[in-house]
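S.K.: Before anything else, here's the structure in question.
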Amino acid sequence: QVQLVESGGGLVQPGGSLRLSCAASGIGFSIRRRGWYRQAPGKEREFVATIIAGGTTNYADSVKGRFAISRDNAKNIVYLQMNSLKPEDTAIYYCNFVALNGAVYWGQGTQVTVSS
């Protein structure tokens, strides 16, 4: 059974940094794309960043230059380094894996709150 478990969320002041991790277990197949999405209160879930099998990354305009996605293939972990955090980055952050066969997997989410 595939499980994705996020960690690293918390409360941080504006301008601060956090590093999110997403550890996957039960992965016995190839992954096409790994990513991070977020959902703020009262809003729909939105794309944050993705990294594909070849290593190419893609970011939402709102986080470009501040966030960086990376992965450790050997450990099946994907990271999201978040710098220069803003109050509008407050949300629940979810990791997402898409398998080569199109199956989609989500973690349970980790809360990020940016506030002074």
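Residues in the structure tokens are numbered from 1 in each chain, the chains being A, B, ... in the order shown, and ligands are numbered from 1 in the order shown.
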Give me the residues within 12 Å of A:Gln13 as a PyMOL selection string, counting only C-alpha atoms and dropping any in the same chain fewer than 4 places off.

M.R.: chain A and resi 17-18+83-90+112-116

S.K.: Which residues are near stretch 33-39 of chain A? Cut-off 6 Å, only C-alpha atoms, ignore same chain within fewer than 5 positions. Put them as a PyMOL selection string.

M.R.: chain A and resi 44-53+91-98

S.K.: Separation of atom CA of A:Thr56 and atom CA of A:Asn76, in Å?

M.R.: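 If I compute the distance from atom CA of A:Thr56 to atom CA of A:Asn76, I get 16.9 Å.
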
S.K.: Could you name the residues that touch A:Gly28 at 12 Å or less, counting only C-alpha atoms, but leaving out those on the same chain fewer than 6 positions away, as number ranges by chain?

M.R.: A: 1-3, 76, 99-100

S.K.: Could you work out how far atom CA of A:Leu4 lies from atom CA of A:Gln81, giving the answer in Å with one decimal?

M.R.: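 Atom CA of A:Leu4 lies 17.6 Å from atom CA of A:Gln81.
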
S.K.: From the options A:Val63, A:Val12, A:Val5, A:Ala23, which residue's atoms come nearest to A:Ile77, counting only C-alpha atoms?

M.R.: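 Of A:Val63, A:Val12, A:Val5, A:Ala23, the one nearest A:Ile77, counting only C-alpha atoms, is A:Ala23.
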
S.K.: Please report, as a ChimeraX atom specification, each residue of chain A to which DSSP assigns strand (DSSP E) when run on this structure's backbone.

M.R.: /A:3-7,10-12,18-25,31-39,46-52,57-59,67-72,77-82,91-99,104-106,110-114

S.K.: Identify which of the residues A:Ser25, A:Gly102, A:Gly16, A:Gly55 lies closest to A:Arg71, counting only C-alpha atoms when measuring atom-to-atom distances.

M.R.: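 Selected residue with least distance to A:Arg71: A:Gly55.
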
S.K.: Near A:Ser7, within 8 Å and counting only C-alpha atoms, which residues show up once chain neighbours fewer than 6 positions away are dropped, as number ranges by chain?

M.R.: A: 20-22, 110

S.K.: Using the selection just defined, write its residues with C-alpha atoms as a PDB file, in the first residue's frame.

M.R.:
ATOM      1  CA  LEU A  20       9.006  20.222   4.014  1.00  0.00           C
ATOM      2  CA  SER A  21       9.649  16.542   3.454  1.00  0.00           C
ATOM      3  CA  CYS A  22       7.459  13.863   1.939  1.00  0.00           C
ATOM      4  CA  THR A 110       1.174  19.423   6.767  1.00  0.00           C
TER       5      THR A 110
END

S.K.: Could you state the separation of atom CA of A:Arg32 and atom CA of A:Ala74 in Å, given to one decimal place?

M.R.: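 Computing the Euclidean distance for atom CA of A:Arg32 and atom CA of A:Ala74 yields 15.2 Å.
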
S.K.: Given the choices A:Ser30, A:Arg19, A:Gln111, A:Ala103, which gets closest to A:Arg66 if the distance is worked out from only C-alpha atoms?

M.R.: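 Counting only C-alpha atoms, the residue closest to A:Arg66 is A:Arg19.
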